[in-house]
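Source file coords.tsv; content: TSV, C-alpha atoms (C1' of nucleotides).
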```
chain	number	residue	atom	x	y	z
A	18	MET	CA	-157.47	52.26	-46.53
A	19	GLU	CA	-159.65	55.27	-47.02
A	20	ASP	CA	-161.45	56.31	-43.96
A	21	ARG	CA	-164.88	56.14	-45.47
A	22	THR	CA	-164.27	52.74	-46.92
A	23	GLU	CA	-163.39	51.52	-43.49
A	24	THR	CA	-166.45	53.14	-42.00
A	25	SER	CA	-168.69	51.51	-44.54
A	26	LEU	CA	-167.17	48.13	-43.89
A	27	ILE	CA	-167.72	48.51	-40.19
A	28	ALA	CA	-171.30	49.47	-40.76
A	29	LEU	CA	-171.74	46.47	-42.99
A	30	ARG	CA	-170.34	44.16	-40.38
A	31	ARG	CA	-172.71	45.50	-37.81
A	32	ILE	CA	-175.57	44.69	-40.11
A	33	LEU	CA	-174.29	41.20	-40.69
A	34	ARG	CA	-173.79	40.69	-37.03
A	35	ALA	CA	-177.29	41.77	-36.14
A	36	THR	CA	-178.92	39.55	-38.71
A	37	GLU	CA	-176.81	36.59	-37.75
A	38	LEU	CA	-177.70	36.82	-34.12
A	39	ASN	CA	-181.29	37.28	-35.09
A	40	ALA	CA	-181.27	34.09	-37.12
A	41	ARG	CA	-180.14	32.14	-34.10
A	42	THR	CA	-182.66	33.67	-31.82
A	43	LEU	CA	-185.39	32.99	-34.27
A	44	ALA	CA	-184.30	29.40	-34.73
A	45	ARG	CA	-184.39	28.86	-31.02
A	46	ALA	CA	-187.79	30.38	-30.73
A	47	THR	CA	-189.15	27.92	-33.22
A	48	GLY	CA	-187.35	24.93	-31.78
A	49	LEU	CA	-185.49	24.45	-35.02
A	50	THR	CA	-181.87	24.96	-35.82
A	51	THR	CA	-180.86	27.78	-38.13
A	52	PRO	CA	-180.31	25.66	-41.23
A	53	GLN	CA	-183.57	23.86	-40.67
A	54	LEU	CA	-185.36	27.15	-40.36
A	55	ILE	CA	-183.83	28.41	-43.57
A	56	VAL	CA	-185.00	25.34	-45.40
A	57	LEU	CA	-188.48	25.66	-44.02
A	58	GLU	CA	-188.59	29.30	-45.06
A	59	ILE	CA	-187.52	28.40	-48.55
A	60	VAL	CA	-190.16	25.73	-48.84
A	61	VAL	CA	-192.92	27.91	-47.48
A	62	ALA	CA	-191.93	30.83	-49.66
A	63	ALA	CA	-191.83	28.74	-52.79
A	64	GLY	CA	-194.88	26.66	-52.04
A	65	ARG	CA	-192.90	23.60	-52.93
A	66	ALA	CA	-189.31	22.90	-53.85
A	67	THR	CA	-187.04	20.06	-54.80
A	68	PRO	CA	-184.04	19.14	-52.68
A	69	LYS	CA	-181.90	20.51	-55.44
A	70	ASP	CA	-183.65	23.88	-55.33
A	71	ILE	CA	-183.26	23.91	-51.61
A	72	ALA	CA	-179.60	23.08	-51.78
A	73	GLY	CA	-179.05	25.89	-54.25
A	74	LYS	CA	-181.00	28.47	-52.35
A	75	ALA	CA	-179.67	27.55	-48.96
A	76	GLY	CA	-176.15	27.30	-50.27
A	77	VAL	CA	-175.49	23.78	-49.07
A	78	GLY	CA	-174.85	20.49	-50.81
A	79	GLN	CA	-177.62	18.21	-51.94
A	80	ALA	CA	-176.77	15.64	-49.35
A	81	THR	CA	-177.12	18.22	-46.63
A	82	ALA	CA	-180.41	19.40	-48.04
A	83	THR	CA	-181.72	15.87	-47.94
A	84	SER	CA	-180.76	15.48	-44.33
A	85	LEU	CA	-182.32	18.78	-43.35
A	86	VAL	CA	-185.52	17.82	-45.10
A	87	ASP	CA	-185.39	14.56	-43.16
A	88	LYS	CA	-185.48	16.45	-39.92
A	89	LEU	CA	-188.32	18.67	-40.98
A	90	GLU	CA	-190.27	15.74	-42.31
A	91	ALA	CA	-189.81	13.88	-39.06
A	92	ARG	CA	-191.43	16.82	-37.31
A	93	LYS	CA	-194.23	16.88	-39.83
A	94	LEU	CA	-193.40	20.38	-40.96
A	95	VAL	CA	-192.97	19.34	-44.58
A	96	THR	CA	-193.99	16.44	-46.78
A	97	ARG	CA	-192.22	14.64	-49.60
A	98	THR	CA	-193.94	13.64	-52.81
A	99	ARG	CA	-192.43	12.05	-55.88
A	100	SER	CA	-193.15	13.95	-59.02
A	101	GLU	CA	-195.30	12.10	-61.51
A	102	ARG	CA	-193.83	13.74	-64.55
A	103	ASP	CA	-190.26	13.04	-63.61
A	104	LYS	CA	-189.92	10.37	-61.03
A	105	ARG	CA	-186.42	11.39	-60.15
A	106	VAL	CA	-187.59	14.55	-58.50
A	107	VAL	CA	-189.17	14.91	-55.13
A	108	TRP	CA	-191.38	17.80	-54.17
A	109	VAL	CA	-190.98	19.09	-50.69
A	110	ALA	CA	-194.00	21.05	-49.53
A	111	PRO	CA	-194.89	22.61	-46.20
A	112	THR	CA	-197.63	21.15	-44.08
A	113	GLU	CA	-200.17	23.41	-42.41
A	114	GLU	CA	-198.19	22.93	-39.28
A	115	GLY	CA	-195.05	24.07	-41.01
A	116	LYS	CA	-196.70	27.19	-42.30
A	117	ALA	CA	-198.27	27.87	-38.95
A	118	LEU	CA	-194.95	27.59	-37.22
A	119	LEU	CA	-193.44	30.28	-39.37
A	120	SER	CA	-196.26	32.72	-39.05
A	121	ALA	CA	-196.44	32.13	-35.32
A	122	ALA	CA	-192.81	33.12	-35.01
A	123	PRO	CA	-192.65	36.42	-36.81
A	124	ASP	CA	-189.14	37.56	-37.42
A	125	PRO	CA	-188.49	40.24	-34.82
A	126	LEU	CA	-185.66	41.79	-36.74
A	127	GLN	CA	-187.62	42.08	-39.91
A	128	LYS	CA	-190.50	43.45	-37.96
A	129	THR	CA	-188.62	46.24	-36.26
A	130	PHE	CA	-186.80	47.02	-39.42
A	131	SER	CA	-190.00	47.29	-41.41
A	132	GLU	CA	-191.66	49.45	-38.82
A	133	GLN	CA	-188.80	51.83	-38.58
A	134	PHE	CA	-188.24	51.91	-42.28
A	135	GLN	CA	-191.82	52.82	-42.96
A	136	ALA	CA	-191.61	55.63	-40.49
A	137	LEU	CA	-188.78	57.27	-42.40
A	138	PRO	CA	-189.38	60.23	-44.66
A	139	ASP	CA	-189.79	59.39	-48.25
A	140	TRP	CA	-186.46	60.70	-49.40
A	141	GLU	CA	-184.64	58.64	-46.82
A	142	GLN	CA	-186.40	55.45	-47.79
A	143	GLY	CA	-185.35	56.05	-51.33
A	144	MET	CA	-181.82	56.74	-50.31
A	145	ILE	CA	-181.58	53.56	-48.31
A	146	VAL	CA	-183.00	51.40	-51.04
A	147	ALA	CA	-180.60	52.91	-53.53
A	148	ALA	CA	-177.64	52.46	-51.25
A	149	LEU	CA	-178.48	48.87	-50.36
A	150	GLU	CA	-178.92	47.95	-53.97
A	151	ARG	CA	-175.69	49.65	-54.86
A	152	VAL	CA	-173.85	47.74	-52.16
A	153	GLY	CA	-175.45	44.47	-53.17
A	154	ALA	CA	-174.43	45.03	-56.74
A	155	MET	CA	-170.88	45.80	-55.72
A	156	LEU	CA	-170.63	42.71	-53.60
A	157	ASN	CA	-172.13	40.51	-56.22
A	158	ALA	CA	-169.80	41.90	-58.81
A	159	GLY	CA	-166.98	39.84	-57.41
A	160	ALA	CA	-168.76	36.62	-56.66
A	161	LEU	CA	-170.78	35.49	-59.57
A	162	ASP	CA	-174.26	36.28	-58.49
A	163	ALA	CA	-175.72	33.04	-57.24
A	164	ALA	CA	-179.36	32.18	-56.93
A	165	PRO	CA	-181.51	34.54	-54.89
A	166	LEU	CA	-181.32	32.62	-51.68
A	167	LEU	CA	-183.43	34.59	-49.41
A	168	ASP	CA	-186.77	35.29	-50.69
A	169	VAL	CA	-187.25	34.23	-47.16
A	170	GLY	CA	-189.18	37.34	-46.35
A	171	ALA	CA	-192.22	35.75	-47.75
A	172	VAL	CA	-193.05	35.06	-44.19
A	173	ASP	CA	-195.03	38.20	-43.62
A	174	ARG	CA	-197.72	38.40	-46.26
A	175	LYS	CA	-201.02	37.48	-44.85
B	4	MET	CA	-196.05	45.38	-46.77
B	5	GLU	CA	-195.00	48.55	-48.49
B	6	ASP	CA	-193.28	48.01	-51.73
B	7	ARG	CA	-190.16	49.85	-50.76
B	8	THR	CA	-189.83	48.02	-47.52
B	9	GLU	CA	-189.94	44.78	-49.42
B	10	THR	CA	-187.39	46.06	-51.89
B	11	SER	CA	-185.05	47.06	-49.15
B	12	LEU	CA	-185.36	43.67	-47.48
B	13	ILE	CA	-184.58	41.93	-50.71
B	14	ALA	CA	-181.54	44.09	-51.22
B	15	LEU	CA	-180.44	43.33	-47.71
B	16	ARG	CA	-180.79	39.64	-48.26
B	17	ARG	CA	-178.69	39.81	-51.35
B	18	ILE	CA	-175.99	41.45	-49.33
B	19	LEU	CA	-176.18	38.79	-46.68
B	20	ARG	CA	-176.08	36.08	-49.26
B	21	ALA	CA	-173.01	37.48	-50.95
B	22	THR	CA	-171.09	37.84	-47.73
B	23	GLU	CA	-172.08	34.41	-46.58
B	24	LEU	CA	-170.83	32.74	-49.70
B	25	ASN	CA	-167.71	34.80	-49.49
B	26	ALA	CA	-167.04	33.62	-45.97
B	27	ARG	CA	-167.11	30.04	-47.11
B	28	THR	CA	-164.88	30.66	-50.06
B	29	LEU	CA	-162.42	32.49	-47.90
B	30	ALA	CA	-162.40	29.78	-45.31
B	31	ARG	CA	-161.67	27.19	-47.93
B	32	ALA	CA	-158.88	29.24	-49.37
B	33	THR	CA	-157.17	29.37	-46.03
B	34	GLY	CA	-157.76	25.74	-45.20
B	35	LEU	CA	-159.80	26.73	-42.18
B	36	THR	CA	-163.51	26.44	-41.54
B	37	THR	CA	-165.62	29.56	-41.32
B	38	PRO	CA	-165.89	29.63	-37.52
B	39	GLN	CA	-162.19	29.01	-37.19
B	40	LEU	CA	-161.47	31.85	-39.53
B	41	ILE	CA	-163.74	34.17	-37.60
B	42	VAL	CA	-161.95	33.33	-34.40
B	43	LEU	CA	-158.57	33.91	-35.97
B	44	GLU	CA	-159.72	37.26	-37.29
B	45	ILE	CA	-160.92	38.28	-33.87
B	46	VAL	CA	-157.67	37.30	-32.26
B	47	VAL	CA	-155.54	39.02	-34.85
B	48	ALA	CA	-157.65	42.17	-34.77
B	49	ALA	CA	-157.51	42.37	-31.01
B	50	GLY	CA	-153.90	41.38	-30.58
B	51	ARG	CA	-155.01	38.96	-27.92
B	52	ALA	CA	-158.30	37.82	-26.46
B	53	THR	CA	-159.70	35.49	-23.86
B	54	PRO	CA	-161.95	32.61	-24.80
B	55	LYS	CA	-164.78	34.53	-23.24
B	56	ASP	CA	-164.13	37.56	-25.43
B	57	ILE	CA	-164.00	35.30	-28.42
B	58	ALA	CA	-167.23	33.60	-27.54
B	59	GLY	CA	-168.95	36.96	-27.18
B	60	LYS	CA	-167.59	38.43	-30.36
B	61	ALA	CA	-168.07	35.33	-32.46
B	62	GLY	CA	-171.51	34.77	-31.03
B	63	VAL	CA	-170.93	31.22	-29.82
B	64	GLY	CA	-170.78	29.59	-26.42
B	65	GLN	CA	-167.63	29.42	-24.35
B	66	ALA	CA	-167.32	25.70	-24.88
B	67	THR	CA	-167.39	26.20	-28.60
B	68	ALA	CA	-164.85	28.96	-28.41
B	69	THR	CA	-162.53	26.69	-26.47
B	70	SER	CA	-162.82	23.98	-29.06
B	71	LEU	CA	-162.20	26.37	-31.92
B	72	VAL	CA	-159.14	27.71	-30.19
B	73	ASP	CA	-157.99	24.12	-29.80
B	74	LYS	CA	-158.06	23.67	-33.54
B	75	LEU	CA	-156.18	26.87	-34.22
B	76	GLU	CA	-153.65	26.10	-31.56
B	77	ALA	CA	-153.07	22.66	-33.04
B	78	ARG	CA	-152.18	24.35	-36.30
B	79	LYS	CA	-149.91	26.77	-34.52
B	80	LEU	CA	-151.91	29.76	-35.63
B	81	VAL	CA	-152.50	30.96	-32.09
B	82	THR	CA	-150.96	30.42	-28.68
B	83	ARG	CA	-152.47	30.15	-25.22
B	84	THR	CA	-150.97	31.83	-22.20
B	85	ARG	CA	-152.32	31.95	-18.68
B	86	SER	CA	-152.67	35.42	-17.33
B	87	GLU	CA	-150.40	36.24	-14.43
B	88	ARG	CA	-152.71	38.73	-12.84
B	89	ASP	CA	-155.69	36.42	-12.87
B	90	LYS	CA	-154.82	32.82	-13.34
B	91	ARG	CA	-158.32	31.89	-14.37
B	92	VAL	CA	-157.99	33.70	-17.64
B	93	VAL	CA	-156.18	32.55	-20.70
B	94	TRP	CA	-154.86	34.86	-23.36
B	95	VAL	CA	-155.13	33.68	-26.88
B	96	ALA	CA	-152.73	35.44	-29.22
B	97	PRO	CA	-151.89	34.97	-32.87
B	98	THR	CA	-148.57	33.53	-33.92
B	99	GLU	CA	-146.64	35.07	-36.77
B	100	GLU	CA	-147.95	32.25	-38.86
B	101	GLY	CA	-151.50	33.09	-37.91
B	102	LYS	CA	-151.06	36.70	-38.86
B	103	ALA	CA	-149.32	35.75	-42.06
B	104	LEU	CA	-152.14	33.45	-43.02
B	105	LEU	CA	-154.67	36.22	-42.77
B	106	SER	CA	-152.72	38.74	-44.71
B	107	ALA	CA	-151.82	36.19	-47.35
B	108	ALA	CA	-155.49	35.50	-47.92
B	109	PRO	CA	-156.93	38.90	-48.65
B	110	ASP	CA	-160.68	38.91	-48.54
B	111	PRO	CA	-161.81	39.03	-52.15
B	112	LEU	CA	-165.17	40.46	-51.29
B	113	GLN	CA	-163.75	43.21	-49.18
B	114	LYS	CA	-161.26	43.89	-51.89
B	115	THR	CA	-163.73	44.32	-54.70
B	116	PHE	CA	-166.02	46.26	-52.45
B	117	SER	CA	-163.29	48.63	-51.40
B	118	GLU	CA	-162.13	49.20	-54.92
B	119	GLN	CA	-165.54	49.92	-56.22
B	120	PHE	CA	-166.47	52.02	-53.27
B	121	GLN	CA	-163.43	54.20	-53.65
B	122	ALA	CA	-164.24	54.73	-57.27
B	123	LEU	CA	-167.61	56.22	-56.42
B	124	PRO	CA	-168.18	59.96	-56.46
B	125	ASP	CA	-167.92	61.60	-53.14
B	126	TRP	CA	-171.60	62.23	-52.63
B	127	GLU	CA	-172.42	58.61	-53.26
B	128	GLN	CA	-169.86	57.37	-50.80
B	129	GLY	CA	-171.43	59.59	-48.22
B	130	MET	CA	-174.87	58.41	-49.05
B	131	ILE	CA	-173.89	54.79	-48.72
B	132	VAL	CA	-172.18	55.25	-45.41
B	133	ALA	CA	-175.18	57.11	-44.07
B	134	ALA	CA	-177.60	54.50	-45.30
B	135	LEU	CA	-175.61	51.58	-43.96
B	136	GLU	CA	-175.29	53.19	-40.59
B	137	ARG	CA	-178.96	53.95	-40.54
B	138	VAL	CA	-179.83	50.38	-41.35
B	139	GLY	CA	-177.41	49.06	-38.78
B	140	ALA	CA	-178.94	51.28	-36.16
B	141	MET	CA	-182.42	50.15	-37.04
B	142	LEU	CA	-181.48	46.51	-36.88
B	143	ASN	CA	-179.71	46.91	-33.61
B	144	ALA	CA	-182.62	48.75	-32.16
B	145	GLY	CA	-184.69	45.62	-31.93
B	146	ALA	CA	-182.20	43.12	-30.74
B	147	LEU	CA	-180.71	44.66	-27.67
B	148	ASP	CA	-177.46	45.69	-29.14
B	149	ALA	CA	-175.33	42.78	-28.11
B	150	ALA	CA	-171.62	42.95	-27.55
B	151	PRO	CA	-170.14	45.51	-29.89
B	152	LEU	CA	-168.47	43.09	-32.18
B	153	LEU	CA	-166.17	45.63	-33.56
B	154	ASP	CA	-164.51	47.23	-30.66
B	155	VAL	CA	-162.05	44.59	-31.52
B	156	GLY	CA	-158.64	45.88	-30.87
B	157	ALA	CA	-159.88	47.99	-28.06
B	158	VAL	CA	-158.80	45.54	-25.44
B	159	ASP	CA	-156.08	46.36	-22.97
B	160	ARG	CA	-152.41	45.78	-23.74
B	161	LYS	CA	-149.50	47.97	-22.94
C	14	DA	C1'	-159.54	34.06	8.23
C	15	DA	C1'	-162.98	30.85	6.83
C	16	DA	C1'	-166.89	30.08	4.17
C	17	DA	C1'	-169.70	31.16	0.52
C	18	DT	C1'	-170.25	32.88	-3.93
C	19	DA	C1'	-168.75	34.12	-8.50
C	20	DT	C1'	-166.04	33.79	-12.61
C	21	DA	C1'	-163.08	31.56	-16.35
C	22	DA	C1'	-161.82	27.85	-18.85
C	23	DT	C1'	-162.19	23.33	-19.82
C	24	DT	C1'	-164.04	18.52	-20.27
C	25	DT	C1'	-167.70	15.47	-21.32
C	26	DG	C1'	-171.52	13.68	-23.79
C	27	DA	C1'	-174.72	14.37	-27.09
C	28	DT	C1'	-176.91	16.24	-31.41
C	29	DT	C1'	-176.65	18.56	-35.72
C	30	DA	C1'	-174.34	20.24	-39.95
C	31	DG	C1'	-171.82	19.49	-43.72
C	32	DC	C1'	-168.94	17.34	-47.26
C	33	DG	C1'	-167.48	13.98	-50.76
C	34	DA	C1'	-167.99	9.68	-52.71
C	35	DA	C1'	-170.83	5.95	-53.83
C	36	DT	C1'	-175.38	4.20	-55.22
C	37	DA	C1'	-179.87	3.76	-57.43
C	38	DA	C1'	-183.34	5.14	-60.36
C	39	DA	C1'	-185.18	7.68	-64.06
C	40	DA	C1'	-184.57	10.60	-68.08
C	41	DC	C1'	-182.20	12.05	-71.89
C	42	DT	C1'	-178.72	11.47	-76.15
C	43	DT	C1'	-176.80	9.51	-79.76
D	24	DA	C1'	-180.13	0.02	-77.24
D	25	DA	C1'	-176.19	1.67	-74.98
D	26	DG	C1'	-174.20	5.25	-72.78
D	27	DT	C1'	-174.54	9.74	-70.32
D	28	DT	C1'	-176.68	12.96	-67.26
D	29	DT	C1'	-179.60	14.24	-63.62
D	30	DT	C1'	-181.87	13.66	-59.04
D	31	DA	C1'	-182.16	12.02	-54.73
D	32	DT	C1'	-180.42	9.34	-51.27
D	33	DT	C1'	-177.11	6.78	-48.31
D	34	DC	C1'	-172.71	6.24	-45.97
D	35	DG	C1'	-168.62	7.44	-43.45
D	36	DC	C1'	-166.37	11.02	-41.47
D	37	DT	C1'	-165.09	15.63	-39.48
D	38	DA	C1'	-166.50	19.87	-37.40
D	39	DA	C1'	-169.65	22.83	-34.80
D	40	DT	C1'	-172.42	23.51	-31.11
D	41	DC	C1'	-174.62	23.32	-26.75
D	42	DA	C1'	-175.64	22.18	-21.80
D	43	DA	C1'	-174.05	20.37	-17.79
D	44	DA	C1'	-170.41	19.08	-14.88
D	45	DT	C1'	-165.65	20.07	-13.32
D	46	DT	C1'	-161.56	22.53	-11.84
D	47	DA	C1'	-159.09	26.38	-10.49
D	48	DT	C1'	-158.86	30.96	-9.03
D	49	DA	C1'	-160.95	35.47	-7.27
D	50	DT	C1'	-164.00	38.09	-4.70
D	51	DT	C1'	-167.29	38.90	-1.14
D	52	DT	C1'	-169.52	37.94	3.17
D	53	DT	C1'	-169.69	36.75	7.67
```
Transcribe the structure of this file into structure tokens.
Amino acid sequence: MEDRTETSLIALRRILRATELNARTLARATGLTTPQLIVLEIVVAAGRATPKDIAGKAGVGQATATSLVDKLEARKLVTRTRSERDKRVVWVAPTEEGKALLSAAPDPLQKTFSEQFQALPDWEQGMIVAALERVGAMLNAGALDAAPLLDVGAVDRK
Amino acid sequence: MEDRTETSLIALRRILRATELNARTLARATGLTTPQLIVLEIVVAAGRATPKDIAGKAGVGQATATSLVDKLEARKLVTRTRSERDKRVVWVAPTEEGKALLSAAPDPLQKTFSEQFQALPDWEQGMIVAALERVGAMLNAGALDAAPLLDVGAVDRK
DNA sequence: AAAATATAATTTGATTAGCGAATAAAACTT
DNA sequence: AAGTTTTATTCGCTAATCAAATTATATTTT
């Protein structure tokens, strides 16, 4: 393998590693497990979502989504409401408590990243965005590009 | 949040998403679960590793590492050997079968990435490597850079 | 050298995650 | 109206994961 290819893969793995560890830390901080946190983030970001949406975005089966929603509902972080228009569907929406929990536990990784990124010179910001998008495109070229899971970031916006 | 910061985060999330899905696909293809596959990769990369090493590198607790090694050992993909020098430690090493399994299941994501990467013009390769390393550094700046996942292979041995 | 402390792996007991298959209800199709 | 599809849920089962307790071995202190 080309040397630079290898180097890029290593760099990628470091990124994955950092974000993965961060997810666990964050989950702990909130008292939720990682999958539960992901579901809550999805619901908060979207305003409301069906179990099917959640399953798709979180990359798990519907049955799993249901059970994760169960947990969150039990903790009063989300509510379930049957849709009037189509009574098969259930809307899962965050409670105030659910929203509060997320904003009270700001993602430390995202925070440091954002701060540092914004401190970079303009040309470097541009370079990084271009490179990340290039890499994302390359990775998604193989796997058929699935739904945009992680509009998670929503978290920040005041 | 600055627009470009947001854009970069979205790009990052797409990357994470793609690799996550890939991990599952790969695990299925090998008949292993994702954590099991990660452990096997660690062991193969390092030549041999203790459960403690594995726990650190895989980012799980020692108890979990032990149980994952159990599964792999049951399938004869790795072996356990007590160290002579220090009888508290156990060396986990891949069997031929374990190594074969990994090489027989080439990572599709890594493959397409490598191919595409190598097809890029020189300047772009350089740009991507630089950007990925920059991002990795930024991410690891916040979280105290935990165990260097990828010094895999460093370990002792003859 | 004996006692205390530390380290490594494992076992145990519990919860959570996750899947596939089956079920139930509602909505579409023909 | 009958059949098909979609949505959510339930059920049974396996795997992952952790914390705490346990066992064996090393290291350090007295």
Handout entry: Interface list for chain D, partner chain A, 9 Å threshold, all atoms listed in the file, as a ChimeraX atom specification
Key = /D:29-33
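Of the residues listed (B:Leu43, B:Ile13, B:Met130, B:Val72), B:Val72 shows the shortest atom-to-atom separation from chain C; distances use only C-alpha atoms (C1' of nucleotides).
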Handout entry: Point-to-point distance from atom C1' of D:DA43 to atom C1' of C:DA21, Å rounded to tenths
Key = 15.7 Å
Exercise for the section: With chain A fixed, least-squares superpose chain B over all its C-alpha atoms paired in order and give the RMSD in Å. Expected result: 3.3 Å
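From atom CA of A:Leu43 back to atom CA of A:Glu132, the distance works out to 18.2 Å.
Put simply, atom CA of A:Arg99 is 15.1 Å away from atom C1' of C:DA37.
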Exercise for the section: Pull out every residue of chain A that has at least one atom within 6 Å of chain B, counting all atoms listed in the file, and report them as a ChimeraX atom specification. Expected result: /A:25,28,31-32,129-130,145-146,148-150,153,155-156,167
With 10 Å as the limit and counting only C-alpha atoms (C1' of nucleotides), what residues in chain C lie close to chain B? Please list them as a compact mmCIF listing (two decimals) with C-alpha atoms (C1' of nucleotides), in the frame of the given file.
```txt
# COMPACT_ATOMS: atom_id res chain seq x y z
C1' DT C 20 -166.04 33.79 -12.61
C1' DA C 21 -163.08 31.56 -16.35
C1' DA C 22 -161.82 27.85 -18.85
C1' DT C 23 -162.19 23.33 -19.82
C1' DT C 24 -164.04 18.52 -20.27
```
